[in-house]
file start_18.csv (CSV, C-alpha atoms)
chain,number,residue,atom,x,y,z
A,1,MET,CA,-27.8,39.9,-19.0
A,2,ASN,CA,-29.2,36.9,-20.9
A,3,CYS,CA,-29.1,33.2,-20.3
A,4,GLU,CA,-25.8,32.7,-22.0
A,5,ASP,CA,-24.2,35.3,-19.7
A,6,ILE,CA,-25.6,33.5,-16.8
A,7,GLN,CA,-24.0,30.3,-17.9
A,8,MET,CA,-20.7,32.1,-18.2
A,9,LEU,CA,-21.1,33.3,-14.6
A,10,LEU,CA,-22.5,30.2,-13.1
A,11,ALA,CA,-19.1,28.8,-11.9
A,12,ASP,CA,-18.2,32.1,-10.3
A,13,ALA,CA,-21.6,32.3,-8.6
A,14,LEU,CA,-21.5,28.7,-7.3
A,15,GLY,CA,-17.9,29.1,-6.2
A,16,GLY,CA,-18.6,32.3,-4.3
A,17,GLU,CA,-16.5,34.4,-6.6
A,18,LEU,CA,-19.1,36.4,-8.5
A,19,PRO,CA,-17.8,40.0,-8.7
A,20,ASP,CA,-20.0,42.5,-6.8
A,21,ALA,CA,-20.5,44.5,-9.9
A,22,GLN,CA,-22.2,41.6,-11.6
A,23,ARG,CA,-24.2,40.4,-8.7
A,24,PRO,CA,-27.3,42.6,-9.1
A,25,ASP,CA,-27.7,41.7,-12.8
A,26,PHE,CA,-27.2,38.0,-12.1
A,27,ASP,CA,-29.8,38.0,-9.3
A,28,THR,CA,-32.3,39.9,-11.4
A,29,HIS,CA,-32.0,37.4,-14.3
A,30,ILE,CA,-32.2,34.4,-11.9
A,31,ALA,CA,-35.4,35.9,-10.4
A,32,ARG,CA,-37.0,36.4,-13.8
A,33,CYS,CA,-35.8,33.3,-15.7
A,34,SER,CA,-37.2,30.0,-14.4
A,35,LYS,CA,-34.9,27.9,-16.5
A,36,CYS,CA,-31.8,29.5,-15.2
A,37,ARG,CA,-33.2,29.6,-11.7
A,38,ARG,CA,-33.8,25.8,-11.7
A,39,GLU,CA,-30.3,25.2,-13.1
A,40,TYR,CA,-28.7,27.5,-10.5
A,41,GLU,CA,-30.6,26.2,-7.5
A,42,SER,CA,-30.1,22.5,-8.4
A,43,MET,CA,-26.3,23.2,-8.7
A,44,CYS,CA,-26.3,25.0,-5.4
A,45,GLY,CA,-28.1,22.0,-3.9
A,46,ALA,CA,-25.3,19.7,-5.2
A,47,VAL,CA,-22.7,21.9,-3.6
A,48,ARG,CA,-24.6,22.0,-0.4
A,49,SER,CA,-24.7,18.2,-0.4
A,50,LEU,CA,-21.0,18.1,-0.9
A,51,GLN,CA,-20.4,20.5,1.9
A,52,SER,CA,-22.7,18.6,4.2
A,53,LEU,CA,-20.3,15.7,4.6
A,54,PRO,CA,-19.0,15.9,8.1
A,55,GLU,CA,-15.6,17.4,8.5
A,56,PRO,CA,-12.9,15.1,9.8
A,57,GLN,CA,-11.5,15.4,13.3
A,58,PRO,CA,-8.2,17.4,13.1
A,59,VAL,CA,-5.2,15.1,13.4
A,60,ASN,CA,-1.9,15.9,15.0
A,61,VAL,CA,1.1,15.2,12.8
A,62,ARG,CA,4.5,15.1,14.3
A,63,ARG,CA,7.8,13.7,13.3
A,64,VAL,CA,9.9,11.4,15.4
A,65,GLY,CA,13.1,10.6,13.8
A,66,GLY,CA,12.4,9.3,10.3
A,67,ARG,CA,8.8,8.5,11.2
A,68,LEU,CA,5.5,10.3,11.1
A,69,ILE,CA,3.0,10.0,13.8
A,70,LEU,CA,-0.6,10.8,13.2
A,71,SER,CA,-2.8,11.0,16.2
A,72,GLU,CA,-6.4,11.8,16.5
A,73,SER,CA,-6.8,13.6,19.8
A,74,SER,CA,-10.4,12.5,20.6
A,75,ARG,CA,-9.6,8.8,20.3
A,76,GLY,CA,-6.0,8.7,21.3
A,77,THR,CA,-5.2,6.3,18.5
A,78,MET,CA,-1.9,6.5,16.7
A,79,THR,CA,-0.5,5.5,13.4
A,80,SER,CA,3.2,5.5,12.7
A,81,LEU,CA,4.5,5.7,9.2
A,82,SER,CA,8.1,5.1,8.4
A,83,PHE,CA,10.0,5.4,5.2
A,84,GLY,CA,12.3,2.6,6.4
A,85,LEU,CA,9.3,0.2,6.6
A,86,LEU,CA,10.7,-2.3,4.2
A,87,ARG,CA,14.2,-2.0,5.5
A,88,TYR,CA,13.0,-2.6,9.1
A,89,ALA,CA,11.0,-5.6,7.9
A,90,ALA,CA,14.0,-7.0,6.1
A,91,GLY,CA,16.1,-6.4,9.2
A,92,LEU,CA,13.6,-8.1,11.4
A,93,MET,CA,13.5,-11.1,9.2
A,94,ILE,CA,17.2,-11.4,9.2
A,95,ALA,CA,17.4,-11.0,13.0
A,96,PHE,CA,14.7,-13.6,13.3
A,97,THR,CA,16.6,-16.0,11.1
A,98,ALA,CA,19.8,-15.4,13.0
A,99,GLY,CA,18.0,-15.9,16.3
A,100,TYR,CA,16.5,-19.1,15.1
A,101,ALA,CA,19.9,-20.3,14.0
A,102,LEU,CA,21.5,-19.5,17.3
A,103,ARG,CA,18.7,-21.1,19.2
A,104,ALA,CA,19.1,-24.3,17.2
A,105,VAL,CA,22.8,-24.5,17.8
A,106,LEU,CA,23.5,-23.2,21.2
A,107,ALA,CA,20.4,-24.2,23.2
A,108,PRO,CA,19.6,-27.8,23.8
A,109,PRO,CA,16.0,-28.7,22.7
A,110,GLY,CA,13.6,-27.1,25.1
A,111,ALA,CA,16.2,-25.2,27.1
A,112,LEU,CA,16.2,-21.4,27.3
A,113,PRO,CA,15.1,-20.8,23.8
A,114,SER,CA,14.4,-17.1,24.3
A,115,SER,CA,17.6,-16.2,26.2
A,116,GLY,CA,20.0,-17.7,23.6
A,117,VAL,CA,20.8,-14.5,21.9
A,118,VAL,CA,21.5,-12.7,25.1
A,119,GLN,CA,23.8,-15.3,26.4
A,120,VAL,CA,25.8,-15.3,23.2
A,121,ALA,CA,26.1,-11.5,23.3
A,122,ASP,CA,27.1,-11.5,26.9
A,123,ALA,CA,29.7,-14.2,26.3
A,124,GLY,CA,31.2,-11.9,23.6
A,125,LEU,CA,31.4,-14.6,21.0
A,126,LYS,CA,33.4,-13.8,17.9
A,127,ARG,CA,31.8,-13.4,14.4
A,128,ASP,CA,33.3,-16.7,13.3
A,129,THR,CA,31.5,-18.5,16.1
A,130,LEU,CA,28.2,-17.0,15.1
A,131,GLN,CA,28.8,-17.7,11.4
A,132,LEU,CA,29.5,-21.3,12.3
A,133,ALA,CA,26.3,-21.4,14.4
A,134,ILE,CA,24.3,-20.1,11.5
A,135,ALA,CA,25.9,-22.4,9.0
A,136,GLY,CA,25.2,-25.3,11.3
A,137,ALA,CA,21.5,-24.4,11.6
A,138,HIS,CA,21.3,-24.0,7.8
A,139,LEU,CA,22.8,-27.4,7.3
A,140,ARG,CA,20.2,-28.9,9.6
A,141,ASN,CA,17.2,-27.1,8.1
A,142,PRO,CA,18.3,-25.8,4.7
A,143,GLY,CA,14.7,-25.0,3.7
A,144,ARG,CA,14.1,-22.7,6.7
A,145,SER,CA,17.1,-20.4,6.5
A,146,ASP,CA,18.8,-18.1,4.1
A,147,LEU,CA,22.5,-18.7,4.7
A,148,ALA,CA,23.7,-16.1,2.3
A,149,LYS,CA,21.6,-13.3,3.7
A,150,CYS,CA,22.5,-14.1,7.3
A,151,LEU,CA,26.2,-14.2,6.6
A,152,SER,CA,26.0,-11.1,4.6
A,153,ALA,CA,24.2,-9.3,7.4
A,154,MET,CA,26.6,-10.5,10.0
A,155,TYR,CA,29.6,-9.5,7.9
A,156,VAL,CA,28.2,-6.0,7.4
A,157,THR,CA,27.0,-5.3,10.9
A,158,ARG,CA,29.8,-7.0,12.9
A,159,ARG,CA,32.9,-6.3,10.9
B,160,MET,CA,23.1,10.9,4.3
B,161,MET,CA,20.4,8.3,3.9
B,162,ALA,CA,18.7,9.7,7.1
B,163,SER,CA,18.7,13.2,5.7
B,164,VAL,CA,17.2,12.1,2.4
B,165,GLU,CA,14.5,10.2,4.3
B,166,SER,CA,13.9,13.1,6.6
B,167,SER,CA,13.4,15.5,3.7
B,168,ARG,CA,10.9,13.1,2.1
B,169,ALA,CA,9.1,12.6,5.3
B,170,GLY,CA,9.1,16.4,5.9
B,171,GLY,CA,7.5,16.9,2.5
B,172,PHE,CA,4.7,14.5,3.4
B,173,GLU,CA,4.4,15.7,6.9
B,174,LYS,CA,3.2,19.1,5.7
B,175,TYR,CA,0.3,17.6,3.9
B,176,ALA,CA,-0.5,14.5,6.0
B,177,GLY,CA,-3.4,16.2,7.8
B,178,GLN,CA,-5.0,17.2,4.5
B,179,VAL,CA,-4.5,13.7,3.1
B,180,TYR,CA,-6.3,12.3,6.1
B,181,GLY,CA,-9.1,14.9,5.7
B,182,TRP,CA,-9.6,14.1,2.0
B,183,ALA,CA,-9.8,10.4,2.7
B,184,TYR,CA,-12.1,10.8,5.7
B,185,ARG,CA,-14.6,12.9,3.8
B,186,PHE,CA,-15.4,10.1,1.4
B,187,LEU,CA,-14.9,7.2,3.7
B,188,GLY,CA,-16.2,8.4,7.0
B,189,ARG,CA,-14.1,6.1,9.1
B,190,HIS,CA,-11.0,7.0,11.0
B,191,HIS,CA,-9.2,3.7,10.4
B,192,ASP,CA,-10.1,3.6,6.7
B,193,ALA,CA,-8.7,7.1,6.3
B,194,LEU,CA,-5.5,6.1,8.1
B,195,ASP,CA,-5.2,3.1,5.7
B,196,VAL,CA,-5.4,5.5,2.8
B,197,VAL,CA,-2.8,7.8,4.5
B,198,GLN,CA,-0.5,4.9,4.9
B,199,ASP,CA,-0.9,3.9,1.3
B,200,VAL,CA,-0.5,7.4,-0.1
B,201,PHE,CA,2.6,7.8,2.1
B,202,LEU,CA,4.2,4.7,0.5
B,203,ARG,CA,3.3,5.9,-3.0
B,204,TRP,CA,4.8,9.4,-2.1
B,205,ASP,CA,8.0,7.7,-1.0
B,206,GLN,CA,8.1,5.6,-4.1
B,207,GLN,CA,7.5,8.7,-6.3
B,208,CYS,CA,10.1,10.7,-4.5
B,209,THR,CA,12.8,8.1,-5.3
B,210,GLN,CA,12.3,9.1,-8.9
B,211,ALA,CA,11.3,12.8,-8.8
B,212,ARG,CA,9.5,14.8,-6.2
B,213,PRO,CA,6.1,16.0,-7.7
B,214,LEU,CA,6.3,19.7,-8.7
B,215,GLN,CA,2.9,20.3,-7.2
B,216,PRO,CA,2.9,18.1,-4.1
B,217,ARG,CA,-0.5,19.0,-2.8
B,218,GLY,CA,-2.1,18.5,-6.2
B,219,TRP,CA,-0.3,15.2,-6.6
B,220,LEU,CA,-1.3,14.0,-3.1
B,221,ARG,CA,-4.9,15.1,-3.6
B,222,ARG,CA,-5.2,13.2,-6.8
B,223,VAL,CA,-3.7,10.0,-5.4
B,224,THR,CA,-5.6,10.2,-2.2
B,225,LEU,CA,-9.0,10.7,-3.9
B,226,ASN,CA,-8.3,7.8,-6.3
B,227,ARG,CA,-7.4,5.6,-3.4
B,228,ALA,CA,-10.3,6.7,-1.2
B,229,ILE,CA,-12.9,6.3,-3.9
B,230,ASP,CA,-11.5,2.9,-4.9
B,231,LEU,CA,-11.8,1.8,-1.2
B,232,SER,CA,-15.3,3.2,-1.0
B,233,ARG,CA,-16.3,1.3,-4.1
B,234,LYS,CA,-14.9,-1.9,-2.7
B,235,ARG,CA,-16.6,-1.4,0.6
B,236,GLN,CA,-19.9,-0.7,-1.1
B,237,ALA,CA,-19.5,-3.9,-3.2
B,238,GLY,CA,-18.8,-5.8,0.0
B,239,ALA,CA,-21.8,-4.3,1.8
B,240,ASP,CA,-24.0,-5.1,-1.2
B,241,SER,CA,-22.9,-8.7,-1.3
B,242,MET,CA,-23.3,-9.1,2.4
B,243,THR,CA,-26.8,-7.6,2.2
B,244,THR,CA,-27.8,-10.0,-0.5
B,245,MET,CA,-26.2,-12.9,1.3
B,246,MET,CA,-27.8,-12.2,4.7
B,247,LYS,CA,-30.9,-10.6,3.3
B,248,LEU,CA,-30.4,-7.6,5.6
B,249,PRO,CA,-31.4,-4.0,4.9
B,250,ALA,CA,-28.4,-2.0,3.8
B,251,ALA,CA,-28.7,0.2,6.9
B,252,ASP,CA,-27.8,-2.7,9.2
B,253,VAL,CA,-24.6,-3.4,7.3
B,254,ALA,CA,-23.1,0.1,7.4
B,255,ALA,CA,-24.5,1.2,10.7
B,256,VAL,CA,-21.4,3.1,11.8
B,257,GLU,CA,-23.0,6.5,11.2
B,258,PRO,CA,-26.5,7.7,10.5
B,259,MET,CA,-27.8,6.0,7.4
B,260,ASP,CA,-28.5,9.2,5.5
B,261,CYS,CA,-25.0,10.5,5.9
B,262,ALA,CA,-23.4,7.1,5.1
B,263,THR,CA,-25.6,6.8,2.0
B,264,LEU,CA,-25.0,10.3,0.9
B,265,ARG,CA,-21.3,9.8,1.3
B,266,GLN,CA,-21.4,6.7,-0.8
B,267,ASP,CA,-23.5,8.4,-3.5
B,268,ILE,CA,-21.1,11.3,-3.6
B,269,ALA,CA,-18.1,8.9,-3.8
B,270,ALA,CA,-19.9,7.1,-6.7
B,271,ALA,CA,-20.5,10.4,-8.4
B,272,LEU,CA,-16.8,11.4,-8.1
B,273,ASP,CA,-15.8,8.0,-9.3
B,274,ARG,CA,-17.3,8.9,-12.7
B,275,LEU,CA,-15.3,12.2,-13.0
B,276,THR,CA,-11.9,12.6,-14.5
B,277,ASP,CA,-9.0,13.1,-12.1
B,278,ILE,CA,-8.9,16.8,-13.0
B,279,GLN,CA,-12.6,17.4,-12.5
B,280,ARG,CA,-12.4,15.6,-9.1
B,281,GLY,CA,-9.3,17.5,-8.1
B,282,VAL,CA,-10.9,20.8,-9.0
B,283,LEU,CA,-14.1,20.0,-7.2
B,284,VAL,CA,-12.4,18.9,-4.0
B,285,ALA,CA,-10.0,21.8,-4.1
B,286,LYS,CA,-12.9,24.3,-4.4
B,287,VAL,CA,-15.4,22.8,-2.1
B,288,TYR,CA,-13.3,21.3,0.7
B,289,ASP,CA,-10.0,23.1,0.5
B,290,GLU,CA,-11.8,26.4,-0.2
B,291,MET,CA,-9.2,27.5,-2.8
B,292,THR,CA,-10.1,30.2,-5.4
B,293,PHE,CA,-10.3,29.3,-9.1
B,294,ALA,CA,-7.0,31.3,-9.6
B,295,GLU,CA,-5.2,29.2,-6.9
B,296,ILE,CA,-6.5,26.0,-8.4
B,297,ALA,CA,-5.5,27.1,-11.9
B,298,ALA,CA,-2.0,27.9,-10.7
B,299,GLU,CA,-1.6,24.6,-8.8
B,300,MET,CA,-2.9,22.5,-11.7
B,301,SER,CA,-1.2,24.6,-14.4
B,302,LEU,CA,-4.5,25.2,-16.1
B,303,ALA,CA,-6.3,28.3,-17.5
B,304,ASN,CA,-8.7,29.9,-15.1
B,305,SER,CA,-11.6,29.3,-17.6
B,306,THR,CA,-10.7,25.6,-17.9
B,307,VAL,CA,-10.8,25.2,-14.1
B,308,LYS,CA,-14.3,26.8,-14.0
B,309,THR,CA,-15.5,24.5,-16.8
B,310,HIS,CA,-14.2,21.4,-14.9
B,311,TYR,CA,-15.8,22.7,-11.7
B,312,LEU,CA,-19.2,23.2,-13.4
B,313,ARG,CA,-19.1,19.7,-15.0
B,314,ALA,CA,-18.2,18.1,-11.8
B,315,VAL,CA,-21.0,19.8,-9.9
B,316,GLN,CA,-23.4,18.9,-12.7
B,317,ALA,CA,-22.3,15.3,-12.5
B,318,VAL,CA,-22.8,15.2,-8.7
B,319,ARG,CA,-26.2,16.8,-9.0
B,320,ASP,CA,-27.3,14.3,-11.7
B,321,ARG,CA,-26.2,11.4,-9.6
B,322,LEU,CA,-27.8,12.7,-6.4
B,323,ARG,CA,-31.0,14.1,-7.8
B,324,PRO,CA,-33.0,10.9,-8.1
B,325,LYS,CA,-32.5,9.9,-4.5
B,326,TRP,CA,-31.9,13.3,-2.8
B,327,ALA,CA,-34.6,15.4,-4.4
B,328,ASP,CA,-35.1,17.5,-1.3
B,329,GLU,CA,-31.5,18.4,-1.1
B,330,VAL,CA,-30.9,18.8,-4.8
B,331,GLN,CA,-33.9,20.4,-6.3

call {"tool": "encode", "arguments": {"input": "start_18.csv", "output": "structure tokens"}}
result
Amino acid sequence: MNCEDIQMLLADALGGELPDAQRPDFDTHIARCSKCRREYESMCGAVRSLQSLPEPQPVNVRRVGGRLILSESSRGTMTSLSFGLLRYAAGLMIAFTAGYALRAVLAPPGALPSSGVVQVADAGLKRDTLQLAIAGAHLRNPGRSDLAKCLSAMYVTRR
Amino acid sequence: MMASVESSRAGGFEKYAGQVYGWAYRFLGRHHDALDVVQDVFLRWDQQCTQARPLQPRGWLRRVTLNRAIDLSRKRQAGADSMTTMMKLPAADVAAVEPMDCATLRQDIAAALDRLTDIQRGVLVAKVYDEMTFAEIAAEMSLANSTVKTHYLRAVQAVRDRLRPKWADEVQ
């Protein structure tokens, strides 16, 4: 086995896939040839360095509905990933705008701002009343609401 | 219908989420940074699946994860360098989350991987950390066995050349 043969087998040797049949010749050449030995040992050192990076803690992955929950058992921290992330964000924004509109119309300034939506729901108000409330809020503060989106959301969800 | 489509996409990712986390963690060394990468890769996976699901999901995820993790590592290093300069602190005080040697080695390895091509990087990580055989890597990446070995050798050489000046004891 010469130096060229060693070069051909270097990847196998580094990757732990050197065939048993070729191992004795490989080792013999490496022992005799200082150039090949330096090359091989330095490459082994690089692989060892790569392997020395600490292994990550195992994470538990489970699915809850359409979401993925990753938890690291040792720290108890959780991260939830959802495919509907943007959809939820948009829904939240619309709900927030609608809540703002209802609050502006139904509650006098400073009175029960957080319970406005509950009161409306309990009272069983019709869609038209809510639409009027949103429209009223929009007219008061046109720059702070999106009338088209609110009405569209109301129409779809409450039809 | 929508829910089932979403579930199948999430299911596809779910199978590899632990590995995505592991790849990211190796080069970042921080739990929350790794989770940030998982989140980012997850969104990219979702986006990709709306067009076409990757034929080799693990290979695709490995490539995207490594790119993202190394990008984040580079940014973090740049931030640490500027803070060190600004506050005139030794680098060890800035990134004192783990022993300095390990943190520095991690950064140097990430910097070495940054100079590799996507394929070289993928082959190296698949071989060293995922412990795949050359044949398995070749099948996953649709490459010839000999090509995979060549990429592996070049990647290891690049890492060695990068580490040798600073880590002479480890890389002779």

call {"tool": "residues_around", "arguments": {"input": "start_18.csv", "residues": "stretch 268-283 of chain B", "least_positions_apart": "6", "cutoff": "9 Å", "atoms": "all atoms listed in the file", "output": "ChimeraX atom specification"}}
result
/A:49-50 /B:186-187,218,221-222,225-226,228-230,232-233,293,296-297,300,307-315,317-322

call {"tool": "atom_distance", "arguments": {"input": "start_18.csv", "atom1": "atom CA of A:Arg32", "atom2": "atom CA of A:Arg48"}}
result
23.3 Å

call {"tool": "atom_distance", "arguments": {"input": "start_18.csv", "atom1": "atom CA of A:Ile69", "atom2": "atom CA of B:Glu173"}}
result
9.1 Å

call {"tool": "closest_residue", "arguments": {"input": "start_18.csv", "among": "B:Thr224, B:Gln210, B:Gln198, B:Thr306", "to": "chain A", "atoms": "only C-alpha atoms"}}
result
B:Gln198

call {"tool": "residues_around", "arguments": {"input": "start_18.csv", "residues": "stretch 4-21 of chain A", "least_positions_apart": "3", "cutoff": "8 Å", "atoms": "all atoms listed in the file", "output": "short mmCIF file (atom, residue, chain, number, x, y, z; two decimals) with C-alpha atoms, in the frame of the given file"}}
result
data_model
loop_
_atom_site.label_atom_id
_atom_site.label_comp_id
_atom_site.auth_asym_id
_atom_site.auth_seq_id
_atom_site.Cartn_x
_atom_site.Cartn_y
_atom_site.Cartn_z
CA MET A 1 -27.80 39.90 -19.00
CA PRO A 24 -27.30 42.60 -9.10
CA PHE A 26 -27.20 38.00 -12.10
CA HIS A 29 -32.00 37.40 -14.30
CA CYS A 36 -31.80 29.50 -15.20
CA TYR A 40 -28.70 27.50 -10.50
CA MET A 43 -26.30 23.20 -8.70
CA CYS A 44 -26.30 25.00 -5.40
CA VAL A 47 -22.70 21.90 -3.60
CA LYS B 286 -12.90 24.30 -4.40
CA VAL B 287 -15.40 22.80 -2.10
CA THR B 292 -10.10 30.20 -5.40
CA LYS B 308 -14.30 26.80 -14.00
CA THR B 309 -15.50 24.50 -16.80
CA TYR B 311 -15.80 22.70 -11.70
CA LEU B 312 -19.20 23.20 -13.40
#

call {"tool": "atom_distance", "arguments": {"input": "start_18.csv", "atom1": "atom CA of B:Gln316", "atom2": "atom CA of B:Val223"}}
result
22.8 Å

call {"tool": "decode", "arguments": {"input": "start_18.csv", "residues": "stretch 45-54 of chain A", "atoms": "all heavy atoms", "output": "short mmCIF file (atom, residue, chain, number, x, y, z; two decimals), in the first residue's frame"}}
result
data_model
loop_
_atom_site.label_atom_id
_atom_site.label_comp_id
_atom_site.auth_asym_id
_atom_site.auth_seq_id
_atom_site.Cartn_x
_atom_site.Cartn_y
_atom_site.Cartn_z
N GLY A 45 -7.64 14.27 14.92
CA GLY A 45 -7.78 15.30 15.95
C GLY A 45 -8.94 16.23 15.65
O GLY A 45 -9.69 16.61 16.56
N ALA A 46 -9.11 16.58 14.37
CA ALA A 46 -10.23 17.45 13.99
C ALA A 46 -11.57 16.76 14.27
O ALA A 46 -12.51 17.38 14.79
CB ALA A 46 -10.12 17.83 12.52
N VAL A 47 -11.63 15.48 13.94
CA VAL A 47 -12.88 14.74 14.19
C VAL A 47 -13.15 14.64 15.69
O VAL A 47 -14.29 14.82 16.14
CB VAL A 47 -12.82 13.33 13.55
CG1 VAL A 47 -14.03 12.49 13.94
CG2 VAL A 47 -12.74 13.43 12.03
N ARG A 48 -12.08 14.42 16.46
CA ARG A 48 -12.25 14.36 17.92
C ARG A 48 -12.76 15.69 18.47
O ARG A 48 -13.59 15.74 19.37
CB ARG A 48 -10.93 13.98 18.60
CG ARG A 48 -10.66 12.49 18.65
CD ARG A 48 -9.58 12.16 19.70
NE ARG A 48 -8.35 12.89 19.45
CZ ARG A 48 -7.37 12.47 18.66
NH1 ARG A 48 -7.49 11.32 18.03
NH2 ARG A 48 -6.27 13.19 18.48
N SER A 49 -12.23 16.77 17.92
CA SER A 49 -12.69 18.10 18.36
C SER A 49 -14.17 18.28 18.07
O SER A 49 -14.93 18.80 18.89
CB SER A 49 -11.90 19.21 17.65
OG SER A 49 -10.54 19.12 17.98
N LEU A 50 -14.57 17.84 16.87
CA LEU A 50 -16.00 17.94 16.53
C LEU A 50 -16.84 17.11 17.50
O LEU A 50 -17.90 17.54 17.96
CB LEU A 50 -16.22 17.44 15.09
CG LEU A 50 -15.74 18.37 13.98
CD1 LEU A 50 -15.64 17.61 12.66
CD2 LEU A 50 -16.68 19.56 13.81
N GLN A 51 -16.34 15.93 17.80
CA GLN A 51 -17.11 15.03 18.68
C GLN A 51 -17.12 15.52 20.13
O GLN A 51 -17.97 15.10 20.91
CB GLN A 51 -16.50 13.62 18.63
CG GLN A 51 -16.76 12.91 17.31
CD GLN A 51 -15.95 11.64 17.14
OE1 GLN A 51 -14.89 11.50 17.75
NE2 GLN A 51 -16.43 10.73 16.31
N SER A 52 -16.17 16.41 20.45
CA SER A 52 -16.08 16.83 21.86
C SER A 52 -17.13 17.88 22.24
O SER A 52 -17.29 18.18 23.41
CB SER A 52 -14.68 17.40 22.14
OG SER A 52 -14.54 18.65 21.49
N LEU A 53 -17.81 18.43 21.24
CA LEU A 53 -18.88 19.39 21.59
C LEU A 53 -19.95 18.64 22.38
O LEU A 53 -20.39 17.58 21.97
CB LEU A 53 -19.50 20.00 20.33
CG LEU A 53 -18.62 20.96 19.54
CD1 LEU A 53 -19.43 21.56 18.39
CD2 LEU A 53 -18.09 22.08 20.43
N PRO A 54 -20.37 19.21 23.51
CA PRO A 54 -21.32 18.49 24.36
C PRO A 54 -22.61 18.14 23.63
O PRO A 54 -23.11 18.92 22.82
CB PRO A 54 -21.61 19.49 25.49
CG PRO A 54 -20.49 20.44 25.48
CD PRO A 54 -19.99 20.51 24.07
#
